[in-house]
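One structure is given below, encoded as structure tokens.
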Amino acid sequence: MRAAFADEIETLAAEDKRIVLLSGDIGNRMFDTFKEKSPDNFYNCGVAEANMTGMAAGMALCGLRPVTYTITAFNTARVLEQIRLDVCYQNLPVIIVGVGGGLSYASLNATHHALEDIAFLRVLPNMTVICPGDAWEVRAALRAALQMNGPVYIRMAKKNEPIVHSSLPDFSIGKGLIVKEGTDICFLNAGSLLPVAIDAADILHEKGISVQVVSMHTVKPLDENLLHDVFSRFSHIFTLEEHSILGGFGGSVAEWLSDQKGLQASLSRIGTQDKFMTEAGEQDYARELFGISKEQIAERVLKKL
Amino acid sequence: MYKSDNLEDISLRIRGELVKISNQANTPHLGSSLSCVDILVAAYWGALNVDPNKPDSPARDRLIFSKGHAATTLYLALNMKGFISDETLDTYATSGGILPEHPVYKSAPGIEATSGSLGHGLPLGLGVAVSARIQKIDYRVYVVMSDGECNEGSVWEAAMLAPAQNLDNLAVIVDANQWQATGRSKDITGTSSLKEKFEAFGWSSCDIDGHDVNALAKVLQKVPDGSGKPVAVIAHTIKGKGISFMEDDNNWHYRIPNEEEVKKALKEMGLT
């Protein structure tokens with residue numbers, strides 16, 4: 001996803017001189033062409049994320065369109081107050097891009113994991129939260145975010161994730177995308193787990209269960225029309241995310257559901273458990289540890305049905 | 001709007017209003033508000049290129065008031081300068097009023113940023129100063145901070161980056177009244193000089209009497225100062241400045257004057 005981001009912002013910044021990219025000393029070489037094409041619009045702010053976020057807000061005060069970029073954990077939890085006050089309270093068009101959402105940096109230990117960031121950012125007034133499901137959604141999300149006139153958080157995975165869409169999807173913020181039609185149950189996926197959700201749906205398909213998979217790339221605002229539709233049509237809804245089941249996308253759907261009348265479908269939240277990982281291990285191992293591998297998801301669904 | 005060319009006279013009038021407002025609105029932070037009066041008067045009347053008729057002009061100089069707890073000084077300065085109307089000022093700290101006890105961006109003309117949580121103004125100001133370069137507009141940015149605020153790490157993150165970017169259109173003015181909420185600054189974070197700290201970070205820095213309003217104005221006019229560096233003005237001030245029984249008494253960080261004390265203060269200042 002990060003390569004798609006780098007490529008897309010390079011193109012967009014060449015067209016729109018208001019776009020400024022601020023990096024927290026990350027993205028080694030990835031932005032070389034950006035810097036070549038738009039040298040005045042790139043700032044390596046060093047390992048100083050609080051200042052980077054405040055600085056971006058200052059640029060937005062002047063009509064620029066700053067985009068901050070660093071590892072998700074450091075661009076969210078570490079600078080939560082700067083996001084809350086400088087960006088959200090002042091309602092400024094700053095785009096916060098986190099690279100390495102979820103367990104993308106699993107092997108680096110929980111300092112680099114981002115399993116609570118959606119919960120932190122979605123409760124902030126004025127904030128839009130987007131969790132792209134593949135590289136195409138990253139490109140589309142960035143384009144759409146730049147059309148917004150307020151704070152946007154884009155939560156990416158890292159690199160070489162499987163591609164789900166074959167081209168730029170018909171993307172609107174707040175509108176889920178059906179990526180696989182199905183008739184029995186429905187997966188609502190937010191973000192980096194999308195390829196896993198599709199694989200799990202394939203496993204279930206072999207067992208005779210037809211799963212509709214929706215990319216709910218926008219966690220805030222929720223696509224309420226789509227939610228109404230799927231909670232009316234399907235008997236079982238599963239939310240999926242590479243994020244804690246506390247306060248994330250599943251939590252937000254549960255909040256929505258608790259305010260509805262007459263919807264009979266059941267909701268199950270699939271995400272990481274309320275714990276830190278302390279051992280070594282790559283992303284696939286970490287996903288298994290947290291129970292969100294494709295096999296574990298399929299198994300969980302079968303138990304529920 | 002208050003017309004005067006005498007900066008000391010403007011400062012005196014703001015101090016009188018500060019004491020009255022603290023009593024009327026029942027709001028604290030009077031000591032901190034009094035200590036930064038001369039800084040704001042020197043900036044608004046002596047240095048800044050601002051026009052109350054064009055508060056959003058892209059070429060205006062910006063003052064980012066980072067020590068938000070002293071908001072009444074900012075409100076009074078903007079009122080006397082013609083940005084904030086008397087009607088708006090009257091809503092200060094009232095239920096549903098326009099002006100809360102800390103400033104909110106866009107609540108009234110001239111308020112360039114939200115503040116209240118310390119350590120946010122300098123990063124914001126840095127972003128505004130960089131924007132001048134990106135957008136090729138010639139303006140200056142003044143960030144007013146407190147010395148207690150320099151406890152915050154974000155101040156020093158910004159202090160590191162600004163000289164690295166050669167932002168000579170950025171100035172910070174530290175209202176160094178040597179007190180913070182619950183104690184002497186030196187007892188909390190040590191005695192080393194702020195001037196030396198900023199210089200070590202690559203700033204052009206000077207110590208100045210923060211109540212010599214004319215001297216302050218001269219220093220603030222000279223931004224950029226020719227060094228190619230951002231400018232840090234360490235304004236040595238007295239908390240509660242101007243009222244004998246409040247000066248350097250940290251009780252007035254939170255204490256609110258009663259009517260007797262207001263009368264006494266105004267009399268002392270010759271404002272009755």
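Each chain in the structure tokens gets a letter, A, B, ..., in the order shown, and its residues are numbered from 1; ligands are numbered from 1 in order too.
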Excluding same-chain residues fewer than 6 positions from stretch 228-242 of chain B, what lies within 9 Å of it counting only C-alpha atoms, as JSON, numbers by chain?
{"B": [12, 15, 30, 31, 32, 33, 34, 35, 36, 37, 39, 147, 162, 163, 164, 165, 166, 167, 168, 169, 170, 171, 172, 173, 174, 175, 176, 177, 178, 179, 194, 195, 198, 199, 202, 203, 204, 205, 206, 207, 208, 209, 210, 211, 216, 219, 220, 248, 249, 250, 252, 253, 265, 268, 269]}
I'd like the contact shell of B:Asn258 - 12 Å cut-off, only C-alpha atoms, skipping same-chain residues fewer than 4 positions apart - returned as a list in words.
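Selected residues are Val19, Lys20, Ile21, Ser22, Asn23, Gln24, Ala25, Asn26, Thr27, Pro28, Val262, Lys263, Lys264 and Ala265 of chain B.
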Taking only C-alpha atoms into account, report as a list of chain:residue names which residues of chain B lie within 6 Å of chain A.
B:Pro123, B:Leu124, B:Leu126, B:Gly127, B:Val128, B:Ser131, B:Ser154, B:Glu157, B:Ala158
I need the residues from that last selection saved to file as a PDB file, in the first residue's frame (with C-alpha atoms), if you can.
```
ATOM      1  CA  PRO B 123       4.660  23.869  16.103  1.00  0.00           C
ATOM      2  CA  LEU B 124       1.602  25.666  14.704  1.00  0.00           C
ATOM      3  CA  LEU B 126       6.366  26.870  12.524  1.00  0.00           C
ATOM      4  CA  GLY B 127       3.809  25.512  10.050  1.00  0.00           C
ATOM      5  CA  VAL B 128       2.475  29.011   9.396  1.00  0.00           C
ATOM      6  CA  SER B 131       3.691  28.292   4.545  1.00  0.00           C
ATOM      7  CA  SER B 154       6.788  19.704  21.668  1.00  0.00           C
ATOM      8  CA  GLU B 157      10.769  19.552  18.766  1.00  0.00           C
ATOM      9  CA  ALA B 158       9.737  22.735  16.982  1.00  0.00           C
TER      10      ALA B 158
END
```
Can you list, as a PDB file with C-alpha atoms, in the first residue's frame, all residues belonging to stretch 44-268 of chain B that DSSP tags as alpha helix (DSSP H)?
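Full text of states-v1.pdb as output:
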```
ATOM      1  CA  TYR B  44       0.243  44.775  18.095  1.00  0.00           C
ATOM      2  CA  TRP B  45       1.025  48.484  18.375  1.00  0.00           C
ATOM      3  CA  GLY B  46       4.740  48.413  17.705  1.00  0.00           C
ATOM      4  CA  ALA B  71      -6.559  34.895  26.942  1.00  0.00           C
ATOM      5  CA  THR B  72      -8.046  38.050  28.457  1.00  0.00           C
ATOM      6  CA  THR B  73      -4.882  39.971  27.571  1.00  0.00           C
ATOM      7  CA  LEU B  74      -5.224  38.825  23.966  1.00  0.00           C
ATOM      8  CA  TYR B  75      -8.935  39.671  23.887  1.00  0.00           C
ATOM      9  CA  LEU B  76      -8.349  43.137  25.344  1.00  0.00           C
ATOM     10  CA  ALA B  77      -5.482  43.865  22.971  1.00  0.00           C
ATOM     11  CA  LEU B  78      -7.573  42.744  19.989  1.00  0.00           C
ATOM     12  CA  ASN B  79     -10.499  44.800  21.287  1.00  0.00           C
ATOM     13  CA  MET B  80      -8.453  47.958  21.714  1.00  0.00           C
ATOM     14  CA  LYS B  81      -6.810  47.349  18.346  1.00  0.00           C
ATOM     15  CA  ASP B  86     -17.148  45.603  22.643  1.00  0.00           C
ATOM     16  CA  GLU B  87     -20.269  43.461  22.254  1.00  0.00           C
ATOM     17  CA  THR B  88     -18.185  40.367  21.597  1.00  0.00           C
ATOM     18  CA  LEU B  89     -15.865  41.184  24.478  1.00  0.00           C
ATOM     19  CA  ASP B  90     -18.870  41.454  26.793  1.00  0.00           C
ATOM     20  CA  GLY B 121       1.708  27.257  19.559  1.00  0.00           C
ATOM     21  CA  LEU B 122       5.282  26.896  18.394  1.00  0.00           C
ATOM     22  CA  PRO B 123       4.660  23.869  16.103  1.00  0.00           C
ATOM     23  CA  LEU B 124       1.602  25.666  14.704  1.00  0.00           C
ATOM     24  CA  GLY B 125       3.628  28.847  14.219  1.00  0.00           C
ATOM     25  CA  LEU B 126       6.366  26.870  12.524  1.00  0.00           C
ATOM     26  CA  GLY B 127       3.809  25.512  10.050  1.00  0.00           C
ATOM     27  CA  VAL B 128       2.475  29.011   9.396  1.00  0.00           C
ATOM     28  CA  ALA B 129       6.011  30.350   8.920  1.00  0.00           C
ATOM     29  CA  VAL B 130       6.895  27.591   6.449  1.00  0.00           C
ATOM     30  CA  SER B 131       3.691  28.292   4.545  1.00  0.00           C
ATOM     31  CA  ALA B 132       4.903  31.826   3.846  1.00  0.00           C
ATOM     32  CA  ARG B 133       7.834  30.316   2.002  1.00  0.00           C
ATOM     33  CA  ILE B 134       5.786  27.687   0.164  1.00  0.00           C
ATOM     34  CA  GLY B 153       8.654  18.584  24.790  1.00  0.00           C
ATOM     35  CA  SER B 154       6.788  19.704  21.668  1.00  0.00           C
ATOM     36  CA  VAL B 155       8.285  23.187  22.137  1.00  0.00           C
ATOM     37  CA  TRP B 156      11.759  21.739  21.704  1.00  0.00           C
ATOM     38  CA  GLU B 157      10.769  19.552  18.766  1.00  0.00           C
ATOM     39  CA  ALA B 158       9.737  22.735  16.982  1.00  0.00           C
ATOM     40  CA  ALA B 159      12.756  24.619  18.324  1.00  0.00           C
ATOM     41  CA  MET B 160      14.993  22.065  16.628  1.00  0.00           C
ATOM     42  CA  LEU B 161      13.308  22.164  13.228  1.00  0.00           C
ATOM     43  CA  ALA B 162      12.805  25.931  12.810  1.00  0.00           C
ATOM     44  CA  PRO B 163      16.509  26.870  12.544  1.00  0.00           C
ATOM     45  CA  ALA B 164      17.181  23.796  10.396  1.00  0.00           C
ATOM     46  CA  SER B 185      10.153  27.702  37.315  1.00  0.00           C
ATOM     47  CA  LYS B 186      13.760  27.339  38.415  1.00  0.00           C
ATOM     48  CA  ASP B 187      12.762  24.949  41.209  1.00  0.00           C
ATOM     49  CA  ILE B 188      10.900  22.768  38.731  1.00  0.00           C
ATOM     50  CA  THR B 189      13.121  22.628  35.673  1.00  0.00           C
ATOM     51  CA  LEU B 194      16.273  29.988  28.055  1.00  0.00           C
ATOM     52  CA  LYS B 195      18.366  32.271  25.867  1.00  0.00           C
ATOM     53  CA  GLU B 196      21.229  29.798  25.956  1.00  0.00           C
ATOM     54  CA  LYS B 197      18.889  26.918  25.286  1.00  0.00           C
ATOM     55  CA  PHE B 198      17.411  28.587  22.201  1.00  0.00           C
ATOM     56  CA  GLU B 199      20.870  29.620  21.014  1.00  0.00           C
ATOM     57  CA  ALA B 200      22.086  26.067  21.424  1.00  0.00           C
ATOM     58  CA  VAL B 213       7.423  48.108  25.969  1.00  0.00           C
ATOM     59  CA  ASN B 214       9.272  50.481  23.638  1.00  0.00           C
ATOM     60  CA  ALA B 215      12.445  48.411  23.673  1.00  0.00           C
ATOM     61  CA  LEU B 216      10.374  45.276  23.081  1.00  0.00           C
ATOM     62  CA  ALA B 217       8.677  46.909  20.106  1.00  0.00           C
ATOM     63  CA  LYS B 218      12.055  47.697  18.566  1.00  0.00           C
ATOM     64  CA  VAL B 219      13.211  44.108  18.911  1.00  0.00           C
ATOM     65  CA  LEU B 220       9.975  42.739  17.470  1.00  0.00           C
ATOM     66  CA  GLN B 221      10.150  45.109  14.521  1.00  0.00           C
ATOM     67  CA  GLU B 259     -14.242  44.581  44.615  1.00  0.00           C
ATOM     68  CA  GLU B 260     -12.116  46.165  47.294  1.00  0.00           C
ATOM     69  CA  GLU B 261      -8.979  44.853  45.611  1.00  0.00           C
ATOM     70  CA  VAL B 262     -10.155  46.038  42.216  1.00  0.00           C
ATOM     71  CA  LYS B 263     -10.659  49.554  43.579  1.00  0.00           C
ATOM     72  CA  LYS B 264      -7.283  49.476  45.259  1.00  0.00           C
ATOM     73  CA  ALA B 265      -5.586  48.292  42.077  1.00  0.00           C
ATOM     74  CA  LEU B 266      -7.253  50.891  39.867  1.00  0.00           C
ATOM     75  CA  LYS B 267      -6.433  53.644  42.313  1.00  0.00           C
ATOM     76  CA  GLU B 268      -2.824  52.565  42.406  1.00  0.00           C
TER      77      GLU B 268
END
```
Work out how far atom CA of B:Ala47 is from atom CA of B:Ala108, in Å to one decimal.
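One can read the atom CA of B:Ala108 to atom CA of B:Ala47 distance as 21.3 Å.
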Measure the distance from atom CA of A:His236 to atom CA of A:Gln264 in Å and round it to one decimal.
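Taking atom CA of A:His236 and atom CA of A:Gln264, their separation equals 9.0 Å.
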Using only C-alpha atoms, which residues sit within 12 Å of B:Lys106 once same-chain residues fewer than 5 positions away are excluded, as a CSV table (one decimal) with C-alpha atoms, in the first residue's frame?
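Once written, out18.csv looks like this:
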```csv
chain,number,residue,atom,x,y,z
A,61,LEU,CA,-4.4,27.4,8.6
A,89,TYR,CA,-10.8,21.2,17.2
A,90,GLN,CA,-9.7,23.7,14.6
A,91,ASN,CA,-11.3,21.5,12.0
A,92,LEU,CA,-8.5,21.7,9.5
B,55,PRO,CA,-8.3,40.3,9.5
B,56,ASP,CA,-7.8,37.5,7.0
B,83,PHE,CA,-10.5,43.5,15.9
B,84,ILE,CA,-12.9,42.4,18.6
B,98,ILE,CA,-18.3,34.0,21.9
B,99,LEU,CA,-15.1,34.1,24.0
B,111,ILE,CA,-7.7,35.0,16.9
B,112,GLU,CA,-5.2,33.0,14.8
B,113,ALA,CA,-5.3,29.7,16.6
B,114,THR,CA,-6.8,27.7,19.4
B,115,SER,CA,-4.8,27.4,22.6
```
Backbone DSSP call of strand (DSSP E) for stretch 21-139 of chain B, listed as number ranges by chain:
B: 62-65
For those residues, write C-alpha atoms to a file as an mmCIF file, in the first residue's frame.
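The file below, selection-v6.cif, is the result:
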```cif
data_model
loop_
_atom_site.group_PDB
_atom_site.id
_atom_site.type_symbol
_atom_site.label_atom_id
_atom_site.label_comp_id
_atom_site.auth_asym_id
_atom_site.auth_seq_id
_atom_site.Cartn_x
_atom_site.Cartn_y
_atom_site.Cartn_z
ATOM 1 C CA ARG B 62 0.383 36.444 12.584
ATOM 2 C CA LEU B 63 0.471 36.375 16.363
ATOM 3 C CA ILE B 64 -0.148 32.924 17.782
ATOM 4 C CA PHE B 65 -1.023 33.186 21.440
#
```
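Interatomic distance, atom CA of A:Glu295 to atom CA of A:Met1: 23.9 Å.
Each of A:Gln296, A:Gln273, A:Asn160, A:Thr11 was checked against A:Leu246 using only C-alpha atoms; the smallest atom-to-atom distance is that of A:Gln273.
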Test item: residues at most 10 Å from A:Gln260, only C-alpha atoms, excluding those fewer than 4 positions along its chain, as a ChimeraX atom specification
/A:228,255-256
Excluding A:Ala141 and any residue of its chain fewer than 6 positions from it, enumerate the residues within 9 Å of it, using only C-alpha atoms, and give them as a list in words.
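What passes the distance filter is Ile130, Cys131, Pro132, Ile154, Phe171, Ser172, Ile173 and His217 of chain A.
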